[in-house]
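Participant: File final-v8.cif below, mmCIF, C-alpha atoms and all ligand atoms:
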data_my_file
loop_
_atom_site.label_atom_id
_atom_site.label_comp_id
_atom_site.auth_asym_id
_atom_site.auth_seq_id
_atom_site.Cartn_x
_atom_site.Cartn_y
_atom_site.Cartn_z
CA PRO A 282 -32.69 -3.95 16.78
CA LYS A 283 -31.86 -2.77 13.29
CA LYS A 284 -29.59 -4.90 11.13
CA ILE A 285 -26.83 -3.93 8.71
CA LEU A 286 -25.07 -6.38 6.39
CA ILE A 287 -21.53 -5.87 5.05
CA LEU A 288 -19.89 -7.71 2.17
CA THR A 289 -16.70 -7.48 0.13
CA GLY A 290 -16.67 -8.37 -3.58
CA GLY A 291 -14.13 -8.61 -6.42
CA GLY A 292 -10.37 -8.65 -5.91
CA ASP A 293 -9.09 -8.02 -2.40
CA CYS A 294 -7.43 -4.74 -1.53
CA PRO A 295 -5.51 -3.42 1.50
CA GLY A 296 -8.00 -1.49 3.64
CA LEU A 297 -11.06 -3.73 3.25
CA ASN A 298 -10.87 -4.81 6.89
CA ALA A 299 -10.55 -1.20 8.03
CA VAL A 300 -13.84 -0.41 6.25
CA ILE A 301 -15.58 -3.37 7.92
CA ARG A 302 -14.27 -2.24 11.31
CA GLY A 303 -15.26 1.39 10.62
CA VAL A 304 -18.87 0.41 9.86
CA ALA A 305 -19.06 -1.89 12.89
CA LYS A 306 -17.50 0.52 15.39
CA ARG A 307 -19.71 3.40 14.30
CA ALA A 308 -22.79 1.15 14.43
CA ARG A 309 -21.90 0.05 17.97
CA LYS A 310 -22.18 3.67 19.12
CA GLU A 311 -25.87 3.64 18.20
CA LYS A 312 -26.67 0.73 20.60
CA ASN A 313 -29.72 -0.57 18.68
CA TRP A 314 -27.86 -1.86 15.59
CA GLU A 315 -26.56 -5.34 14.89
CA VAL A 316 -23.83 -5.82 12.30
CA TYR A 317 -23.56 -8.88 10.04
CA GLY A 318 -21.23 -10.01 7.27
CA SER A 319 -21.94 -12.13 4.22
CA ILE A 320 -19.09 -14.52 3.44
CA GLU A 321 -17.64 -14.35 -0.11
CA ALA A 322 -19.71 -11.38 -1.27
CA PHE A 323 -23.33 -12.33 -2.07
CA ASN A 324 -22.53 -16.04 -2.09
CA GLY A 325 -23.07 -16.01 1.68
CA VAL A 326 -26.70 -15.06 1.06
CA LEU A 327 -27.25 -17.22 -2.03
CA ASN A 328 -25.67 -20.40 -0.65
CA ASP A 329 -27.68 -23.08 1.08
CA PRO A 330 -26.98 -23.08 4.00
CA GLN A 331 -26.38 -19.35 4.10
CA GLU A 332 -23.06 -18.05 5.42
CA ILE A 333 -23.87 -14.90 7.34
CA VAL A 334 -21.79 -14.09 10.41
CA ARG A 335 -22.40 -11.71 13.28
CA ILE A 336 -19.73 -9.00 13.39
CA THR A 337 -18.95 -8.49 17.05
CA SER A 338 -16.30 -6.31 18.68
CA LYS A 339 -14.15 -9.44 19.06
CA PHE A 340 -14.50 -10.05 15.31
CA THR A 341 -13.23 -6.58 14.39
CA ALA A 342 -10.53 -6.16 17.06
CA GLY A 343 -7.27 -5.15 15.35
CA ILE A 344 -8.38 -6.12 11.83
CA HIS A 345 -7.67 -2.65 10.36
CA VAL A 346 -3.99 -3.58 10.38
CA ARG A 347 -4.52 -6.74 8.34
CA GLY A 348 -4.57 -7.00 4.55
CA GLY A 349 -7.16 -9.03 2.66
CA THR A 350 -10.73 -9.35 3.91
CA VAL A 351 -11.96 -11.27 6.94
CA LEU A 352 -15.28 -11.72 5.09
CA LYS A 353 -13.48 -13.40 2.15
CA THR A 354 -14.15 -12.50 -1.45
CA THR A 355 -14.44 -13.99 -4.90
CA ASN A 356 -14.62 -12.89 -8.52
CA LYS A 357 -17.28 -15.56 -9.04
CA SER A 358 -20.25 -14.12 -7.20
CA ASN A 359 -21.94 -11.73 -9.62
CA PRO A 360 -25.65 -12.46 -9.02
CA ILE A 361 -26.58 -10.95 -12.38
CA LYS A 362 -24.11 -13.12 -14.29
CA PHE A 363 -23.65 -16.03 -11.94
CA PRO A 364 -21.17 -18.60 -13.30
CA VAL A 365 -22.42 -22.19 -13.38
CA PRO A 366 -19.79 -24.72 -14.51
CA GLN A 367 -21.19 -27.24 -17.03
CA LYS A 368 -20.36 -30.92 -17.37
CA ASP A 369 -18.56 -30.30 -20.68
CA GLY A 370 -16.13 -27.90 -18.96
CA THR A 371 -17.79 -24.71 -20.23
CA VAL A 372 -19.37 -22.10 -17.95
CA LYS A 373 -22.97 -20.89 -18.30
CA PHE A 374 -23.97 -17.54 -16.79
CA ILE A 375 -27.38 -17.15 -15.19
CA ASP A 376 -29.24 -14.20 -13.63
CA ARG A 377 -29.86 -14.90 -9.93
CA SER A 378 -30.68 -11.31 -8.97
CA ASP A 379 -34.41 -11.97 -8.32
CA GLU A 380 -33.52 -14.97 -6.12
CA LEU A 381 -31.01 -12.78 -4.26
CA VAL A 382 -33.53 -9.96 -3.80
CA LYS A 383 -36.07 -12.45 -2.39
CA LYS A 384 -33.51 -13.85 0.05
CA LEU A 385 -32.31 -10.40 1.14
CA LYS A 386 -35.87 -9.21 1.72
CA ALA A 387 -36.57 -12.32 3.83
CA LEU A 388 -33.50 -11.54 5.95
CA LYS A 389 -34.92 -8.07 6.66
CA PHE A 390 -31.70 -6.07 6.65
CA ASP A 391 -32.18 -2.34 7.17
CA ALA A 392 -29.07 -1.55 5.13
CA ILE A 393 -26.49 -3.39 3.03
CA VAL A 394 -22.94 -2.10 2.55
CA ASN A 395 -21.29 -3.45 -0.59
CA ILE A 396 -17.54 -2.78 -0.61
CA GLY A 397 -16.23 -3.29 -4.12
CA GLY A 398 -15.00 -1.93 -7.43
CA ASP A 399 -16.81 -0.92 -10.55
CA GLY A 400 -18.47 -4.33 -11.06
CA SER A 401 -19.70 -4.50 -7.46
CA GLN A 402 -21.21 -1.02 -7.64
CA LYS A 403 -23.08 -1.97 -10.83
CA ILE A 404 -24.56 -4.89 -8.87
CA SER A 405 -25.45 -2.48 -6.01
CA LYS A 406 -27.32 -0.31 -8.50
CA VAL A 407 -29.36 -3.24 -9.89
CA LEU A 408 -30.29 -4.38 -6.37
CA TYR A 409 -31.14 -0.84 -5.27
CA ASP A 410 -33.45 -0.48 -8.27
CA LYS A 411 -35.17 -3.69 -7.11
CA GLY A 412 -35.86 -2.20 -3.68
CA ILE A 413 -32.82 -3.24 -1.61
CA PRO A 414 -31.35 -0.54 0.71
CA MET A 415 -27.87 -0.51 -0.84
CA ILE A 416 -24.85 1.62 0.09
CA GLY A 417 -21.61 1.33 -1.89
CA VAL A 418 -18.00 1.73 -0.77
CA PRO A 419 -15.44 2.06 -3.59
CA LYS A 420 -12.48 -0.30 -3.55
CA THR A 421 -9.59 -0.78 -5.93
CA ILE A 422 -5.81 -0.56 -5.88
CA ASP A 423 -6.02 0.70 -9.49
CA ASN A 424 -7.49 4.12 -8.52
CA ASP A 425 -9.56 4.07 -11.71
CA LEU A 426 -12.98 5.15 -10.39
CA SER A 427 -14.10 8.58 -11.58
CA ALA A 428 -16.60 9.23 -8.79
CA THR A 429 -13.93 9.40 -6.07
CA ASP A 430 -10.63 11.29 -6.18
CA VAL A 431 -8.80 8.39 -4.53
CA THR A 432 -9.49 4.82 -3.47
CA PHE A 433 -7.98 3.00 -0.51
CA GLY A 434 -5.38 0.38 -1.41
CA PHE A 435 -3.81 2.61 -4.05
CA GLN A 436 -1.22 4.20 -1.74
CA THR A 437 -0.29 0.78 -0.37
CA ALA A 438 0.19 -0.60 -3.90
CA VAL A 439 2.36 2.41 -4.81
CA GLN A 440 4.39 2.00 -1.61
CA ILE A 441 5.02 -1.68 -2.34
CA GLY A 442 5.92 -0.75 -5.93
CA THR A 443 8.30 1.96 -4.73
CA ASP A 444 9.99 -0.27 -2.13
CA SER A 445 10.54 -2.91 -4.81
CA PHE A 446 11.77 -0.31 -7.28
CA ASP A 447 14.35 1.00 -4.78
CA LYS A 448 15.68 -2.52 -4.38
CA LEU A 449 15.94 -2.99 -8.13
CA VAL A 450 17.92 0.26 -8.49
CA THR A 451 20.83 -0.97 -6.38
CA THR A 452 21.12 -4.23 -8.26
CA ALA A 453 20.70 -2.48 -11.65
CA GLU A 454 23.49 -0.07 -10.68
CA SER A 455 25.84 -2.84 -9.64
CA HIS A 456 25.38 -4.83 -12.85
CA HIS A 457 24.93 -1.95 -15.33
CA ARG A 458 21.60 -3.53 -16.20
CA THR A 459 18.28 -2.35 -17.55
CA MET A 460 15.54 -3.43 -15.16
CA ILE A 461 11.92 -3.74 -16.20
CA MET A 462 9.43 -3.79 -13.32
CA GLU A 463 5.82 -4.61 -14.16
CA VAL A 464 3.11 -3.29 -11.87
CA MET A 465 -0.65 -3.83 -11.73
CA GLY A 466 -3.34 -1.28 -12.58
CA ARG A 467 -5.59 -3.10 -15.05
CA ASP A 468 -6.26 -0.57 -17.86
CA ALA A 469 -4.97 2.45 -15.92
CA GLY A 470 -1.45 3.74 -15.41
CA TRP A 471 -1.89 5.32 -11.96
CA ILE A 472 0.18 2.80 -9.99
CA ALA A 473 2.96 2.81 -12.62
CA LEU A 474 3.16 6.59 -12.88
CA HIS A 475 3.19 7.24 -9.13
CA THR A 476 5.76 4.48 -8.61
CA ALA A 477 7.95 5.86 -11.40
CA ILE A 478 7.92 9.36 -9.89
CA ALA A 479 8.46 8.12 -6.33
CA GLY A 480 11.26 5.77 -7.36
CA GLY A 481 12.91 7.99 -9.97
CA ALA A 482 12.50 5.83 -13.06
CA GLU A 483 14.02 6.71 -16.42
CA ILE A 484 11.10 5.20 -18.34
CA CYS A 485 7.43 4.74 -17.44
CA LEU A 486 5.02 2.96 -19.77
CA ILE A 487 1.28 3.28 -19.22
CA PRO A 488 -1.80 2.17 -21.19
CA GLU A 489 -2.93 5.75 -21.79
CA ILE A 490 0.27 6.61 -23.73
CA PRO A 491 1.22 3.95 -26.30
CA TYR A 492 5.00 3.78 -26.70
CA ASP A 493 7.34 3.74 -29.68
CA ILE A 494 9.89 0.99 -29.03
CA HIS A 495 12.55 2.74 -31.14
CA LYS A 496 12.34 5.86 -28.98
CA LEU A 497 12.83 3.69 -25.91
CA VAL A 498 15.92 2.02 -27.38
CA LYS A 499 17.36 5.47 -28.20
CA ARG A 500 16.69 6.67 -24.64
CA ILE A 501 18.33 3.59 -23.11
CA ASN A 502 21.37 3.79 -25.40
CA LEU A 503 21.82 7.50 -24.72
CA ARG A 504 21.86 6.90 -20.99
CA TYR A 505 24.53 4.23 -21.29
CA LYS A 506 26.54 6.49 -23.64
CA LYS A 507 26.42 9.26 -21.05
CA GLY A 508 28.08 6.90 -18.61
CA ARG A 509 25.00 6.33 -16.44
CA GLY A 510 25.39 2.60 -16.62
CA PHE A 511 21.89 1.44 -15.71
CA VAL A 512 18.22 2.03 -16.51
CA ASN A 513 15.06 1.42 -14.51
CA ILE A 514 11.73 1.01 -16.28
CA VAL A 515 8.27 0.81 -14.70
CA VAL A 516 5.70 -0.76 -16.99
CA ALA A 517 1.98 -0.98 -16.25
CA GLU A 518 0.43 -4.36 -16.99
CA GLY A 519 -1.87 -2.68 -19.53
CA ALA A 520 0.86 -0.76 -21.43
CA ARG A 521 1.04 -1.30 -25.17
CA PRO A 522 3.13 -0.11 -28.11
CA LYS A 523 1.91 2.35 -30.73
CA GLU A 524 0.22 0.45 -33.52
CA GLY A 525 2.54 -0.60 -36.30
CA THR A 526 5.78 0.16 -34.42
CA ILE A 527 6.57 -3.45 -33.58
CA THR A 528 7.47 -5.84 -36.32
CA SER A 529 8.97 -8.59 -34.20
CA SER A 530 7.36 -11.79 -32.99
CA ALA A 531 6.88 -10.14 -29.58
CA GLY A 532 3.58 -8.76 -30.90
CA ASP A 533 2.09 -5.30 -30.61
CA LYS A 534 -1.07 -5.94 -28.67
CA GLY A 535 0.29 -5.37 -25.19
CA SER A 536 -1.92 -6.56 -22.41
CA GLU A 537 -4.80 -7.48 -24.69
CA HIS A 538 -3.31 -10.89 -25.18
CA VAL A 539 -0.67 -11.15 -22.49
CA ARG A 540 -2.23 -9.99 -19.23
CA LEU A 541 -0.47 -9.66 -15.96
CA GLY A 542 3.01 -11.08 -16.00
CA GLY A 543 3.49 -11.09 -19.73
CA VAL A 544 4.08 -7.45 -20.41
CA ALA A 545 7.52 -7.15 -18.78
CA PHE A 546 8.82 -10.12 -20.77
CA GLN A 547 7.15 -8.93 -23.95
CA LEU A 548 8.75 -5.50 -23.59
CA SER A 549 12.13 -7.08 -22.94
CA LYS A 550 11.88 -9.04 -26.19
CA GLN A 551 10.65 -6.01 -28.11
CA LEU A 552 13.64 -3.97 -26.87
CA LYS A 553 16.13 -6.65 -27.86
CA ASP A 554 14.50 -7.11 -31.27
CA ALA A 555 14.70 -3.34 -31.82
CA GLY A 556 18.46 -3.35 -31.20
CA CYS A 557 18.81 -2.69 -27.47
CA THR A 558 22.10 -4.22 -26.42
CA ALA A 559 21.78 -3.63 -22.67
CA GLU A 560 21.51 -6.61 -20.38
CA ILE A 561 17.83 -6.71 -19.40
CA ARG A 562 16.11 -8.34 -16.42
CA GLU A 563 12.38 -8.50 -15.75
CA THR A 564 10.42 -8.41 -12.48
CA VAL A 565 6.67 -8.87 -12.18
CA LEU A 566 5.31 -7.68 -8.84
CA GLY A 567 1.85 -9.20 -9.31
CA HIS A 568 -0.32 -9.81 -6.27
CA VAL A 569 2.42 -8.75 -3.85
CA GLN A 570 0.99 -5.26 -4.48
CA ARG A 571 -2.34 -6.26 -2.97
CA GLY A 572 -1.01 -8.09 0.05
CA GLY A 573 0.01 -7.20 3.56
CA THR A 574 -0.87 -4.36 5.86
CA PRO A 575 -2.36 -1.15 4.41
CA VAL A 576 -0.27 2.02 4.79
CA ALA A 577 -1.62 4.57 7.28
CA TYR A 578 -3.23 6.74 4.58
CA ASP A 579 -5.28 3.81 3.29
CA ARG A 580 -6.28 2.78 6.82
CA VAL A 581 -7.57 6.28 7.53
CA LEU A 582 -9.43 6.60 4.21
CA ALA A 583 -10.95 3.12 4.52
CA THR A 584 -12.00 3.70 8.14
CA LEU A 585 -13.65 7.02 7.24
CA PHE A 586 -15.43 5.34 4.33
CA GLY A 587 -16.76 2.74 6.79
CA VAL A 588 -17.99 5.37 9.24
CA LYS A 589 -19.64 7.34 6.43
CA ALA A 590 -21.30 4.21 5.03
CA PHE A 591 -22.94 3.55 8.39
CA GLU A 592 -24.04 7.16 8.69
CA LEU A 593 -25.77 6.88 5.31
CA ALA A 594 -27.59 3.82 6.69
CA LEU A 595 -28.57 5.79 9.78
CA THR A 596 -30.13 8.57 7.69
CA LYS A 597 -31.62 6.05 5.21
CA ASP A 598 -29.63 7.65 2.42
CA PHE A 599 -29.62 4.60 0.15
CA GLY A 600 -28.59 4.21 -3.46
CA LYS A 601 -25.37 6.08 -2.76
CA MET A 602 -21.65 5.28 -2.78
CA VAL A 603 -19.30 6.97 -0.34
CA ALA A 604 -16.51 8.95 -2.01
CA PHE A 605 -13.59 11.26 -1.35
CA LYS A 606 -13.91 14.48 -3.31
CA ASN A 607 -12.14 17.83 -2.95
CA ASN A 608 -10.64 16.74 0.36
CA GLU A 609 -13.96 15.69 1.87
CA ILE A 610 -15.68 12.41 2.62
CA THR A 611 -18.98 12.59 0.80
CA ALA A 612 -21.41 10.42 -1.16
CA VAL A 613 -22.45 10.18 -4.81
CA SER A 614 -25.40 8.37 -6.38
CA LEU A 615 -24.77 4.78 -7.51
CA GLU A 616 -25.75 6.02 -10.94
CA GLU A 617 -22.85 8.50 -10.95
CA ALA A 618 -20.55 5.96 -9.30
CA THR A 619 -20.83 3.54 -12.19
CA GLN A 620 -20.59 5.96 -15.08
CA ASP A 621 -17.09 6.95 -16.09
CA TYR A 622 -13.82 5.13 -16.21
CA HIS A 623 -10.94 7.18 -14.90
CA GLY A 624 -7.50 6.72 -16.46
CA VAL A 625 -4.40 8.94 -16.50
CA ASN A 626 -4.86 12.01 -18.71
CA LYS A 627 -1.83 12.24 -21.00
CA ASP A 628 -2.11 16.05 -20.98
CA SER A 629 -2.35 16.31 -17.20
CA TYR A 630 0.14 18.17 -15.05
CA LEU A 631 1.18 14.83 -13.51
CA VAL A 632 2.37 13.53 -16.88
CA GLN A 633 3.91 16.86 -17.88
CA ALA A 634 5.77 17.06 -14.55
CA ALA A 635 7.04 13.50 -14.99
CA LYS A 636 8.30 14.44 -18.45
CA GLY A 637 9.90 17.55 -16.91
CA LEU A 638 11.79 15.23 -14.58
CA GLY A 639 13.16 13.39 -17.59
CA ILE A 640 10.89 10.36 -17.39
CA SER A 641 10.26 9.02 -20.88
CA PHE A 642 6.89 7.57 -21.87
CA GLY A 643 8.25 6.56 -25.25
CA ASP A 644 5.75 8.80 -27.06
O1 LIG B 701 -8.26 -4.54 -10.10
C1 LIG B 701 -7.26 -4.94 -9.21
C2 LIG B 701 -6.30 -5.89 -9.86
O2 LIG B 701 -5.31 -6.23 -8.92
C3 LIG B 701 -5.66 -5.35 -11.15
O3 LIG B 701 -4.64 -4.43 -10.89
C4 LIG B 701 -5.24 -6.64 -11.82
O4 LIG B 701 -5.24 -6.49 -13.22
C5 LIG B 701 -6.32 -7.62 -11.41
O5 LIG B 701 -6.95 -7.08 -10.27
C6 LIG B 701 -5.83 -9.00 -11.11
O6 LIG B 701 -6.94 -9.81 -10.93
P1 LIG B 701 -6.89 -11.25 -10.23
O7 LIG B 701 -6.68 -11.06 -8.77
O8 LIG B 701 -8.22 -11.84 -10.55
O9 LIG B 701 -5.73 -11.99 -10.85
#
What does this structure look like when you write it as structure tokens?

Facilitator:
Amino acid sequence: PKKILILTGGGDCPGLNAVIRGVAKRARKEKNWEVYGSIEAFNGVLNDPQEIVRITSKFTAGIHVRGGTVLKTTNKSNPIKFPVPQKDGTVKFIDRSDELVKKLKALKFDAIVNIGGDGSQKISKVLYDKGIPMIGVPKTIDNDLSATDVTFGFQTAVQIGTDSFDKLVTTAESHHRTMIMEVMGRDAGWIALHTAIAGGAEICLIPEIPYDIHKLVKRINLRYKKGRGFVNIVVAEGARPKEGTITSSAGDKGSEHVRLGGVAFQLSKQLKDAGCTAEIRETVLGHVQRGGTPVAYDRVLATLFGVKAFELALTKDFGKMVAFKNNEITAVSLEEATQDYHGVNKDSYLVQAAKGLGISFGD
């Protein structure tokens, strides 16, 4: 029989299990294929003893409904820059790609499906160039890959953001408060912007549009003056003020020095220092946005990605990453997959429409 190996790398993301199941179910239809999984990305291959499991129908039964990844994952498995902790507490990075290639060749897999974000696809490209039959599947809640119009996990993250936002609205309303809700997204504002539109935020701050704190204070004060006694703000973890607009101790570097969990509190302090008198409360959603069951859209997209990945293996179409473009499941070269970063365009219709709805970006 032919053998296909699946692995999941980088941060987890709702829909990973649906991809694994999609590959396995489609492979089962071909009769002469066996499906395997490497535990914790490539660590399952590199470790001694190796951790490679057989993916049977029992293994995949019902997993599309579950968040996370049944194959486990880690941020510490990059074979090109493999972290080795030193005795003095520092970490040395070594290149283990040749060792990995040797081990993969010895295992004689006919195809390897690497489900991961930007970093994982760069690894796929290096391995493919060294003769390994690689196929990529894009994964990120941040939706920041340019080679695919959407990624699975994004809709789930936006849904969780929106559900949380709705809850914050009722408490903001009751207390006449200004609520700041921080969402994930790394250096992109997709999750924040979609959540702000879905929830009906007054203010949305994203990394692609640096904000002027004084404009935000004006906007908040005006809303209270008009008798609308509460404000809801969505802030992306990577949002930052315009250079030189912050003079307070809260700093003006945004997420560069306070990543994940710091931005909401930083913004709160900046607003107070700039004269905002509203009572402010901060909420950081954090990893809640990556947990739990994927919404139906993400399950469908992830499952189709899995089916397509296997079909690429079947036709020996290696060195490609599956993608969703112009309403179709397709594939792009790993070269193209790892080229551009895809953030929110400040001149896009999405941003203009949000502004038309009265959402302020503080620009
Ligand atoms: O890329 C996905 C993501 O969840 C980002 O939105 C966030 O910045 C980051 O990963 C968090 O990483 P970690 O899980 O390592 O804390």

Participant: Could you list as a PyMOL selection string every residue that has an atom within 9 Å of (17.5, -2.3, -29.0), using the file's coordinates and counting only C-alpha atoms?

Facilitator: chain A and resi 494-495+497-499+501-502+551-559

Participant: For Ala635 (chain A), which of A:Arg458, A:Arg580, A:His475, A:Arg571 is the closest residue, counting all atoms listed in the file?

Facilitator: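 Looking only at the distances to Ala635 (chain A), the closest residue turns out to be A:His475.
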
Participant: My list of candidates is A:Lys353, A:Lys597, A:Lys306, A:Arg562. Which is closest to His457 (chain A) when distances are computed with only C-alpha atoms?

Facilitator: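 Using only C-alpha atoms, the shortest distance to His457 (chain A) belongs to A:Arg562.
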
Participant: In Å to one decimal, how far is atom O6 of ligand LIG 701 (chain B) from CA of Leu548 (chain A)?

Facilitator: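 One can read the CA of Leu548 (chain A) to atom O6 of ligand LIG 701 (chain B) distance as 20.6 Å.
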
Participant: For the contact check between chain A and ligand LIG 701 (chain B), emit one row per residue of chain A within 7 Å, containing the shortest atom pair and the distance in Å rounded to one decimal, counting all atoms listed in the file, chain then rising number order, as a Markdown table.

Facilitator:
| residue | atom | partner | partner_atom | distance |
| --- | --- | --- | --- | --- |
| A:Gly292 | CA | B:LIG701 | O7 | 5.3 |
| A:Asn356 | CA | B:LIG701 | O8 | 6.8 |
| A:Thr421 | CA | B:LIG701 | O1 | 5.8 |
| A:Ile422 | CA | B:LIG701 | C1 | 5.7 |
| A:Asp423 | CA | B:LIG701 | O3 | 5.5 |
| A:Met465 | CA | B:LIG701 | O3 | 4.1 |
| A:Gly466 | CA | B:LIG701 | O3 | 3.8 |
| A:Arg467 | CA | B:LIG701 | O4 | 3.9 |
| A:Leu541 | CA | B:LIG701 | O4 | 6.3 |
| A:His568 | CA | B:LIG701 | O2 | 6.7 |
| A:Arg571 | CA | B:LIG701 | O2 | 6.7 |

Participant: Residues within 8 Å of Ala583 (chain A), please, as a PyMOL selection string. Count only C-alpha atoms; anything in the same chain fewer than 2 positions from it doesn't count.

Facilitator: chain A and resi 296-297+299-300+303+433+579-581+585-587

Participant: Fewer than 4 positions away in the same chain doesn't count, so skip those; otherwise give me all residues within 8 Å of Val515 (chain A), counting all atoms listed in the file, as a PDB file with C-alpha atoms, in the coordinates of the input.

Facilitator:
ATOM      1  CA  ILE A 461      11.920  -3.740 -16.200  1.00  0.00           C
ATOM      2  CA  MET A 462       9.430  -3.790 -13.320  1.00  0.00           C
ATOM      3  CA  GLU A 463       5.820  -4.610 -14.160  1.00  0.00           C
ATOM      4  CA  VAL A 464       3.110  -3.290 -11.870  1.00  0.00           C
ATOM      5  CA  ALA A 473       2.960   2.810 -12.620  1.00  0.00           C
ATOM      6  CA  LEU A 474       3.160   6.590 -12.880  1.00  0.00           C
ATOM      7  CA  THR A 476       5.760   4.480  -8.610  1.00  0.00           C
ATOM      8  CA  ALA A 477       7.950   5.860 -11.400  1.00  0.00           C
ATOM      9  CA  ALA A 482      12.500   5.830 -13.060  1.00  0.00           C
ATOM     10  CA  ILE A 484      11.100   5.200 -18.340  1.00  0.00           C
ATOM     11  CA  CYS A 485       7.430   4.740 -17.440  1.00  0.00           C
ATOM     12  CA  LEU A 486       5.020   2.960 -19.770  1.00  0.00           C
TER      13      LEU A 486
END

Participant: Restricting the calculation to only C-alpha atoms: of A:Pro575, A:Pro491, A:Gly348, A:Pro295, which residue gets closest to Lys420 (chain A)?

Facilitator: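 Using only C-alpha atoms, the shortest distance to Lys420 (chain A) belongs to A:Pro295.
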
Participant: Report as a list of chain:residue names all protein, DNA and RNA residues lying within 8 Å of Ile393 (chain A), evaluated on only C-alpha atoms, omitting residues in the same chain fewer than 2 positions from it.

Facilitator: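 Using only C-alpha atoms, the neighbours found are A:Ile285, A:Leu286, A:Ile287, A:Leu288, A:Phe390, A:Asp391, A:Asn395, A:Ile413, A:Pro414, A:Met415, A:Ile416.
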
Participant: Find the distance between CA of Val431 (chain A) and CA of Ile344 (chain A) and write it in Å to one decimal.

Facilitator: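 One can read the CA of Val431 (chain A) to CA of Ile344 (chain A) distance as 21.9 Å.
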
Participant: Which residue gives the smallest distance to Gly543 (chain A) among A:Ala517, A:Ala308, A:Ala479, A:Val439, with all atoms listed in the file counted?

Facilitator: A:Ala517

Participant: Tell me which of A:Ala520, A:Gly481, A:Ala618, A:Gly398 sits closest to Leu638 (chain A), counting all atoms listed in the file.

Facilitator: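 Among the listed residues, the smallest separation from Leu638 (chain A) belongs to A:Gly481.
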
Participant: With all atoms listed in the file as the basis for distance, which of A:Asp399, A:Val382, A:Phe599, A:Lys550 is at the shortest distance from Ala428 (chain A)?

Facilitator: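 Distance minimum relative to Ala428 (chain A) lands on A:Asp399.
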
Participant: Need the shell around Thr451 (chain A): protein/DNA/RNA residues with any atom at most 12 Å away, counting all atoms listed in the file. Skip same-chain ones fewer than 4 positions apart. Format as a list in words?

Facilitator: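 Contacts, in chain order: Asp444, Ser445, Phe446, Asp447, Ser455, His456, His457, Arg458, Thr459, Met460, Gly480, Gly510, Phe511, Val512 and Asn513 of chain A.
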
Participant: Please export region 499-524 of chain A as a PDB file, in the first residue's frame, restricted to C-alpha atoms.

Facilitator:
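The resulting result.pdb:
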ATOM      1  CA  LYS A 499     -13.355  63.136  21.277  1.00  0.00           C
ATOM      2  CA  ARG A 500     -15.436  60.313  19.775  1.00  0.00           C
ATOM      3  CA  ILE A 501     -16.119  58.771  23.191  1.00  0.00           C
ATOM      4  CA  ASN A 502     -17.025  62.113  24.786  1.00  0.00           C
ATOM      5  CA  LEU A 503     -19.334  63.027  21.905  1.00  0.00           C
ATOM      6  CA  ARG A 504     -21.226  59.777  22.285  1.00  0.00           C
ATOM      7  CA  TYR A 505     -21.765  60.344  25.998  1.00  0.00           C
ATOM      8  CA  LYS A 506     -22.802  63.961  25.296  1.00  0.00           C
ATOM      9  CA  LYS A 507     -25.404  62.721  22.821  1.00  0.00           C
ATOM     10  CA  GLY A 508     -26.925  60.685  25.620  1.00  0.00           C
ATOM     11  CA  ARG A 509     -25.767  57.293  24.326  1.00  0.00           C
ATOM     12  CA  GLY A 510     -24.320  56.355  27.659  1.00  0.00           C
ATOM     13  CA  PHE A 511     -21.892  53.601  26.664  1.00  0.00           C
ATOM     14  CA  VAL A 512     -19.128  52.775  24.188  1.00  0.00           C
ATOM     15  CA  ASN A 513     -17.805  49.468  22.887  1.00  0.00           C
ATOM     16  CA  ILE A 514     -14.290  49.256  21.474  1.00  0.00           C
ATOM     17  CA  VAL A 515     -12.690  46.300  19.685  1.00  0.00           C
ATOM     18  CA  VAL A 516      -8.907  46.462  19.662  1.00  0.00           C
ATOM     19  CA  ALA A 517      -6.642  44.068  17.775  1.00  0.00           C
ATOM     20  CA  GLU A 518      -3.674  42.820  19.781  1.00  0.00           C
ATOM     21  CA  GLY A 519      -1.343  44.411  17.209  1.00  0.00           C
ATOM     22  CA  ALA A 520      -2.997  47.877  17.174  1.00  0.00           C
ATOM     23  CA  ARG A 521      -0.755  50.843  17.863  1.00  0.00           C
ATOM     24  CA  PRO A 522      -1.060  54.622  18.120  1.00  0.00           C
ATOM     25  CA  LYS A 523       0.223  57.048  15.498  1.00  0.00           C
ATOM     26  CA  GLU A 524       3.812  57.915  16.257  1.00  0.00           C
TER      27      GLU A 524
END
